[in-house]
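**Student:** Got a structure for you, written out below as structure tokens; questions coming shortly.
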Amino acid sequence: STVFEDELYVGGRFGAVGNQITRFIARWDGKAWQDVGGGVTTSVTSMVNSDEGLFVGGGFTFAGESLARRVALWDGSTWSALGDGLNNRVEAMAWDQGVLYVGGRFNQASGVAANKIASWDGANWAALDSGMDSNVLALAAQDGVIYAGGEFSQAGSQTANFIAAWNGIEWSALGDGLNGPVYAISAFGGDLIVGGDFSSAGGVPVSNIARWDGT
């Protein structure tokens with residue numbers, strides 16, 4: 001869920017909210033649930049607010065009447081595609097400095113080879129180096145750095161156990177990483193909070209949640 005133009009947007013695997021028929025996405029206008037441009041054709045997994053509008057990702061191939069493979073832009077009244085989209089499911093998105101970052105289970109973005117993660121600059125898709133060796137399930141942006149978490153053990157040419165950082169040029173590991181998959185990442189108070197199915201973070205015993213302080 002996220003807030004866009006002062007309204008709450010929710011996405012998931014539903015066909016109705018309250019007494020309003022919707023397709024996998026709905027908005028709350030403060031009084032009632034409303035449809036969002038006819039919705040999308042299957043589940044919504046992620047949304048992110050931006051300067052351009054609301055980006056929505058998932059497993060769908062249409063948004064409203066627009067062909068939009070796994071990702072689409074809602075401007076408050078109309079859906080639009082992002083090039084030819086992705087060739088498999090989107091699981092996470094982040095917006096930073098005018099660029100959309102998308103992670104998931106795909107290996108192509110509008111025909112460009114992009115292993116599990118890609119960026120959209122408003123006109124074109126691009127790979128982030130050689131990407132990951134397995135699925136990206138969470139993304140967060142902080143201070144110009146994109147953090148990715150998921151099921152991978154390699155990011156670009158770097159060994160990166162389930163979490164990695166992209167500085168716009170190259171990937172780097174966050175210490176020794178984790179010993180299990182990451183499902184959620186959030187920037188908080190200058191730190192990074194990570195959740196998933198792990199019991200060790202950089203060799204420190206933890207229970208499915210950990211904090212990275214940048215050192």
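If you're wondering about the labels, chains in the structure tokens are A, B, ... by order shown, residues count from 1 in each chain, ligands from 1 in order shown.
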What lies within 9 Å of Gly111 in chain A using only C-alpha atoms, ignoring chain neighbours under 3 positions off, as a PyMOL selection string?

**Tutor:** chain A and resi 84-87+108+114+125

**Student:** Could you save the residues just selected, with all heavy atoms, as a short mmCIF file (atom, residue, chain, number, x, y, z; two decimals), in the first residue's frame?

**Tutor:**
data_model
loop_
_atom_site.label_atom_id
_atom_site.label_comp_id
_atom_site.auth_asym_id
_atom_site.auth_seq_id
_atom_site.Cartn_x
_atom_site.Cartn_y
_atom_site.Cartn_z
N ASP A 84 8.22 -2.17 -23.32
CA ASP A 84 7.61 -3.49 -23.44
C ASP A 84 7.56 -4.24 -22.12
O ASP A 84 7.19 -5.41 -22.08
CB ASP A 84 8.37 -4.33 -24.48
CG ASP A 84 8.17 -3.81 -25.90
OD1 ASP A 84 7.11 -3.20 -26.16
OD2 ASP A 84 9.07 -4.00 -26.73
N GLY A 85 7.96 -3.57 -21.03
CA GLY A 85 7.87 -4.17 -19.72
C GLY A 85 8.86 -5.30 -19.48
O GLY A 85 9.92 -5.37 -20.12
N LEU A 86 8.48 -6.20 -18.55
CA LEU A 86 9.36 -7.29 -18.12
C LEU A 86 8.81 -8.63 -18.57
O LEU A 86 7.61 -8.78 -18.79
CB LEU A 86 9.50 -7.28 -16.59
CG LEU A 86 10.19 -6.11 -15.88
CD1 LEU A 86 11.52 -5.79 -16.50
CD2 LEU A 86 9.32 -4.88 -15.80
N ASN A 87 9.68 -9.64 -18.64
CA ASN A 87 9.24 -10.95 -19.11
C ASN A 87 8.89 -11.91 -17.98
O ASN A 87 8.62 -13.09 -18.23
CB ASN A 87 10.28 -11.58 -20.03
CG ASN A 87 11.53 -12.03 -19.30
OD1 ASN A 87 11.86 -11.51 -18.23
ND2 ASN A 87 12.24 -12.98 -19.87
N GLN A 108 14.64 -10.20 -18.60
CA GLN A 108 14.64 -9.24 -19.69
C GLN A 108 13.73 -8.07 -19.35
O GLN A 108 12.66 -8.26 -18.77
CB GLN A 108 14.17 -9.88 -21.00
CG GLN A 108 15.20 -10.76 -21.67
CD GLN A 108 14.81 -11.09 -23.09
OE1 GLN A 108 13.68 -10.88 -23.52
NE2 GLN A 108 15.75 -11.63 -23.85
N ALA A 114 18.49 -8.34 -18.40
CA ALA A 114 18.53 -7.73 -17.07
C ALA A 114 18.14 -8.79 -16.05
O ALA A 114 16.95 -9.13 -15.92
CB ALA A 114 17.57 -6.54 -16.99
N TRP A 125 14.85 1.15 -20.51
CA TRP A 125 15.26 0.20 -19.49
C TRP A 125 16.77 -0.03 -19.57
O TRP A 125 17.36 0.02 -20.66
CB TRP A 125 14.55 -1.13 -19.67
CG TRP A 125 13.11 -1.13 -19.29
CD1 TRP A 125 12.04 -1.04 -20.13
CD2 TRP A 125 12.59 -1.23 -17.97
NE1 TRP A 125 10.87 -1.07 -19.42
CE2 TRP A 125 11.18 -1.19 -18.09
CE3 TRP A 125 13.16 -1.34 -16.70
CZ2 TRP A 125 10.34 -1.27 -16.98
CZ3 TRP A 125 12.33 -1.42 -15.60
CH2 TRP A 125 10.94 -1.38 -15.74
#

**Student:** Report the closest atom pair, with its distance in Å rounded to one decimal, for each residue of range 25-125 of chain A that has an atom no farther than 7 Å from range 131-151 of chain A; count only C-alpha atoms, sort by chain and then rising residue number, and write it as CSV.

**Tutor:**
residue,atom,partner,partner_atom,distance
A:Glu91,CA,A:Leu137,CA,5.3
A:Ala92,CA,A:Ala138,CA,5.1
A:Met93,CA,A:Leu139,CA,5.9
A:Ala94,CA,A:Ala140,CA,5.6
A:Trp95,CA,A:Ala141,CA,7.0
A:Asp96,CA,A:Ala141,CA,6.2
A:Gly103,CA,A:Val136,CA,5.1
A:Gly104,CA,A:Val136,CA,4.8
A:Arg105,CA,A:Asn135,CA,5.1
A:Ala114,CA,A:Gly131,CA,6.3
A:Asn115,CA,A:Gly131,CA,4.7
A:Lys116,CA,A:Asn135,CA,5.6
A:Ile117,CA,A:Gly131,CA,6.0

**Student:** For the selection you just gave me, I'd like the residues written to a file as a tab-separated table (two decimals), in the first residue's frame, keeping N, CA, C and O atoms.

**Tutor:**
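The resulting selection-v3.tsv:
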chain	number	residue	atom	x	y	z
A	91	GLU	N	8.59	-8.09	-8.15
A	91	GLU	CA	8.36	-8.31	-6.72
A	91	GLU	C	8.60	-7.07	-5.87
A	91	GLU	O	8.08	-6.97	-4.76
A	92	ALA	N	9.40	-6.12	-6.37
A	92	ALA	CA	9.76	-4.96	-5.55
A	92	ALA	C	10.14	-3.79	-6.44
A	92	ALA	O	10.62	-3.98	-7.56
A	93	MET	N	9.93	-2.56	-5.92
A	93	MET	CA	10.30	-1.36	-6.66
A	93	MET	C	10.81	-0.29	-5.69
A	93	MET	O	10.44	-0.28	-4.52
A	94	ALA	N	11.65	0.59	-6.22
A	94	ALA	CA	12.13	1.75	-5.46
A	94	ALA	C	12.32	2.91	-6.43
A	94	ALA	O	12.62	2.70	-7.62
A	95	TRP	N	12.14	4.13	-5.94
A	95	TRP	CA	12.30	5.35	-6.75
A	95	TRP	C	13.39	6.19	-6.13
A	95	TRP	O	13.39	6.44	-4.92
A	96	ASP	N	14.35	6.63	-6.96
A	96	ASP	CA	15.43	7.44	-6.42
A	96	ASP	C	15.98	8.35	-7.51
A	96	ASP	O	16.37	7.88	-8.59
A	103	GLY	N	12.80	-4.90	-9.13
A	103	GLY	CA	13.39	-6.22	-8.87
A	103	GLY	C	12.33	-7.30	-8.96
A	103	GLY	O	11.15	-7.03	-8.76
A	104	GLY	N	12.76	-8.51	-9.28
A	104	GLY	CA	11.80	-9.59	-9.37
A	104	GLY	C	12.40	-10.89	-9.87
A	104	GLY	O	13.52	-11.25	-9.51
A	105	ARG	N	11.62	-11.55	-10.76
A	105	ARG	CA	11.99	-12.89	-11.24
A	105	ARG	C	12.31	-12.90	-12.74
A	105	ARG	O	12.42	-13.95	-13.35
A	114	ALA	N	18.49	-8.34	-18.40
A	114	ALA	CA	18.53	-7.73	-17.07
A	114	ALA	C	18.14	-8.79	-16.05
A	114	ALA	O	16.95	-9.13	-15.92
A	115	ASN	N	19.11	-9.33	-15.37
A	115	ASN	CA	18.89	-10.46	-14.48
A	115	ASN	C	18.36	-10.01	-13.13
A	115	ASN	O	19.10	-9.54	-12.27
A	116	LYS	N	17.04	-10.12	-12.96
A	116	LYS	CA	16.32	-9.95	-11.70
A	116	LYS	C	16.23	-8.51	-11.20
A	116	LYS	O	15.52	-8.23	-10.24
A	117	ILE	N	16.91	-7.57	-11.86
A	117	ILE	CA	16.82	-6.17	-11.46
A	117	ILE	C	17.11	-5.28	-12.68
A	117	ILE	O	17.94	-5.63	-13.53

**Student:** If I take CA of Val56 in chain A and CA of Asn161 in chain A, how far is one from the other in Å, to one decimal?

**Tutor:**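 Taking CA of Val56 in chain A and CA of Asn161 in chain A, their separation equals 27.5 Å.
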
**Student:** Choose the residue, out of A:Asn88, A:Gln154, A:Ser110, A:Thr41, that has the smallest atom-to-atom separation from Arg13 in chain A; count only C-alpha atoms.

**Tutor:**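 Between A:Asn88, A:Gln154, A:Ser110, A:Thr41, the residue approaching Arg13 in chain A most closely is A:Thr41.
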
**Student:** So, counting only C-alpha atoms, which residue among A:Phe188, A:Arg69, A:Asp75, A:Ala155 is closest to Phe106 in chain A?

**Tutor:** A:Arg69

**Student:** Please identify all polymer residues within 9 Å of range 47-53 of chain A, counting only C-alpha atoms, omitting same-chain residues fewer than 4 positions from it, and present them as a count of residues only.

**Tutor:** 22

**Student:** From the DSSP assignment of the backbone, select every residue of range 8-211 of chain A that is strand (DSSP E or B), and format the answer as a ChimeraX atom specification.

**Tutor:** /A:8-11,16-17,20-21,25-28,33-35,40,44-49,54-58,62-63,66-67,71-74,79-81,86,90-96,99-104,108-109,112-113,117-120,125-127,132,136-142,145-150,154-155,158-159,163-166,171-173,178,182-188,191-196,200-201,204-205,209-211

**Student:** Restricted to C-alpha atoms, what would the selected residues look like written as an mmCIF file, in the first residue's frame?

**Tutor:**
data_model
loop_
_atom_site.group_PDB
_atom_site.id
_atom_site.type_symbol
_atom_site.label_atom_id
_atom_site.label_comp_id
_atom_site.auth_asym_id
_atom_site.auth_seq_id
_atom_site.Cartn_x
_atom_site.Cartn_y
_atom_site.Cartn_z
ATOM 1 C CA LEU A 8 -4.605 5.373 -0.048
ATOM 2 C CA TYR A 9 -3.843 2.789 -2.719
ATOM 3 C CA VAL A 10 -3.775 -0.942 -1.960
ATOM 4 C CA GLY A 11 -2.800 -3.821 -4.212
ATOM 5 C CA ALA A 16 -13.403 -6.479 -4.629
ATOM 6 C CA VAL A 17 -12.905 -4.147 -1.667
ATOM 7 C CA GLN A 20 -16.662 -1.977 -4.837
ATOM 8 C CA ILE A 21 -15.644 -4.414 -7.580
ATOM 9 C CA ILE A 25 -5.830 -2.617 -6.972
ATOM 10 C CA ALA A 26 -8.111 -0.087 -5.274
ATOM 11 C CA ARG A 27 -8.005 3.389 -3.765
ATOM 12 C CA TRP A 28 -9.612 4.845 -0.638
ATOM 13 C CA TRP A 33 -13.234 2.427 -1.968
ATOM 14 C CA GLN A 34 -12.868 3.227 -5.660
ATOM 15 C CA ASP A 35 -11.706 1.428 -8.784
ATOM 16 C CA VAL A 40 -4.939 -4.940 -13.725
ATOM 17 C CA VAL A 44 -0.154 -6.540 -7.614
ATOM 18 C CA THR A 45 2.977 -7.102 -5.531
ATOM 19 C CA SER A 46 4.483 -3.624 -5.228
ATOM 20 C CA MET A 47 3.786 0.081 -5.630
ATOM 21 C CA VAL A 48 5.936 3.182 -5.352
ATOM 22 C CA ASN A 49 5.041 6.862 -5.506
ATOM 23 C CA LEU A 54 2.239 5.821 -9.132
ATOM 24 C CA PHE A 55 4.269 2.881 -10.422
ATOM 25 C CA VAL A 56 2.613 -0.516 -9.952
ATOM 26 C CA GLY A 57 4.289 -3.902 -10.371
ATOM 27 C CA GLY A 58 3.201 -7.534 -10.235
ATOM 28 C CA PHE A 62 -2.688 -5.422 -18.852
ATOM 29 C CA ALA A 63 -3.446 -2.292 -16.803
ATOM 30 C CA SER A 66 -3.213 -0.839 -21.884
ATOM 31 C CA LEU A 67 -0.806 -3.660 -22.612
ATOM 32 C CA VAL A 71 4.761 -2.893 -14.520
ATOM 33 C CA ALA A 72 2.647 0.182 -15.294
ATOM 34 C CA LEU A 73 2.337 3.875 -14.458
ATOM 35 C CA TRP A 74 -0.894 5.413 -13.104
ATOM 36 C CA TRP A 79 -2.558 3.787 -17.192
ATOM 37 C CA SER A 80 0.544 3.659 -19.392
ATOM 38 C CA ALA A 81 3.178 1.033 -20.143
ATOM 39 C CA LEU A 86 9.360 -7.288 -18.120
ATOM 40 C CA VAL A 90 7.948 -7.945 -10.492
ATOM 41 C CA GLU A 91 8.362 -8.314 -6.718
ATOM 42 C CA ALA A 92 9.756 -4.956 -5.546
ATOM 43 C CA MET A 93 10.297 -1.355 -6.656
ATOM 44 C CA ALA A 94 12.132 1.752 -5.461
ATOM 45 C CA TRP A 95 12.298 5.345 -6.751
ATOM 46 C CA ASP A 96 15.432 7.441 -6.423
ATOM 47 C CA VAL A 99 14.881 6.683 -11.731
ATOM 48 C CA LEU A 100 12.654 3.664 -11.089
ATOM 49 C CA TYR A 101 14.353 0.476 -9.894
ATOM 50 C CA VAL A 102 12.502 -2.815 -10.310
ATOM 51 C CA GLY A 103 13.391 -6.215 -8.874
ATOM 52 C CA GLY A 104 11.796 -9.595 -9.374
ATOM 53 C CA GLN A 108 14.641 -9.237 -19.691
ATOM 54 C CA ALA A 109 13.372 -5.665 -19.563
ATOM 55 C CA VAL A 112 17.326 -5.774 -22.652
ATOM 56 C CA ALA A 113 19.068 -8.571 -20.736
ATOM 57 C CA ILE A 117 16.819 -6.169 -11.465
ATOM 58 C CA ALA A 118 16.564 -3.230 -13.891
ATOM 59 C CA SER A 119 16.160 0.542 -13.992
ATOM 60 C CA TRP A 120 13.766 2.779 -15.961
ATOM 61 C CA TRP A 125 15.265 0.201 -19.486
ATOM 62 C CA ALA A 126 18.826 -0.630 -18.392
ATOM 63 C CA ALA A 127 20.549 -3.475 -16.592
ATOM 64 C CA MET A 132 21.747 -11.183 -9.630
ATOM 65 C CA VAL A 136 15.211 -9.961 -6.015
ATOM 66 C CA LEU A 137 12.327 -9.680 -3.523
ATOM 67 C CA ALA A 138 12.930 -6.333 -1.781
ATOM 68 C CA LEU A 139 14.331 -2.902 -2.683
ATOM 69 C CA ALA A 140 14.986 0.334 -0.812
ATOM 70 C CA ALA A 141 16.702 3.626 -1.641
ATOM 71 C CA GLN A 142 18.778 5.655 0.812
ATOM 72 C CA VAL A 145 22.237 3.988 -2.893
ATOM 73 C CA ILE A 146 19.858 1.198 -3.921
ATOM 74 C CA TYR A 147 19.673 -1.778 -1.580
ATOM 75 C CA ALA A 148 18.430 -5.096 -2.922
ATOM 76 C CA GLY A 149 17.475 -8.203 -0.995
ATOM 77 C CA GLY A 150 16.217 -11.599 -2.041
ATOM 78 C CA GLN A 154 25.905 -12.968 -6.187
ATOM 79 C CA ALA A 155 25.356 -9.380 -7.364
ATOM 80 C CA GLN A 158 30.497 -9.695 -6.122
ATOM 81 C CA THR A 159 29.643 -12.429 -3.652
ATOM 82 C CA ILE A 163 21.596 -8.524 0.200
ATOM 83 C CA ALA A 164 23.656 -6.022 -1.815
ATOM 84 C CA ALA A 165 24.095 -2.309 -2.516
ATOM 85 C CA TRP A 166 24.211 -0.494 -5.880
ATOM 86 C CA TRP A 171 27.484 -3.714 -6.668
ATOM 87 C CA SER A 172 28.940 -4.270 -3.218
ATOM 88 C CA ALA A 173 28.202 -6.661 -0.370
ATOM 89 C CA LEU A 178 22.794 -13.043 5.797
ATOM 90 C CA VAL A 182 15.422 -11.262 2.488
ATOM 91 C CA TYR A 183 11.770 -10.318 1.995
ATOM 92 C CA ALA A 184 11.674 -6.704 3.198
ATOM 93 C CA ILE A 185 14.023 -3.700 3.415
ATOM 94 C CA SER A 186 13.320 -0.251 4.835
ATOM 95 C CA ALA A 187 15.479 2.807 5.493
ATOM 96 C CA PHE A 188 14.949 4.064 9.033
ATOM 97 C CA ASP A 191 20.063 2.713 9.147
ATOM 98 C CA LEU A 192 18.728 -0.120 7.034
ATOM 99 C CA ILE A 193 16.193 -2.524 8.558
ATOM 100 C CA VAL A 194 16.048 -5.938 6.896
ATOM 101 C CA GLY A 195 13.491 -8.700 7.397
ATOM 102 C CA GLY A 196 13.366 -12.242 6.089
ATOM 103 C CA SER A 200 22.565 -14.734 11.227
ATOM 104 C CA ALA A 201 23.518 -11.275 9.911
ATOM 105 C CA VAL A 204 25.682 -11.953 14.513
ATOM 106 C CA PRO A 205 22.839 -14.161 15.804
ATOM 107 C CA ILE A 209 15.196 -9.104 11.411
ATOM 108 C CA ALA A 210 18.440 -7.135 11.501
ATOM 109 C CA ARG A 211 19.820 -3.618 11.262
#

**Student:** Have a look at CA of Ser153 in chain A and CA of Val206 in chain A and let me know their distance in Å, one decimal.

**Tutor:** 19.2 Å

**Student:** Record the distance separating CA of Glu170 in chain A and CA of Asn124 in chain A, expressed in Å with one decimal.

**Tutor:**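 Atom-to-atom, CA of Glu170 in chain A and CA of Asn124 in chain A are spaced 19.4 Å apart.
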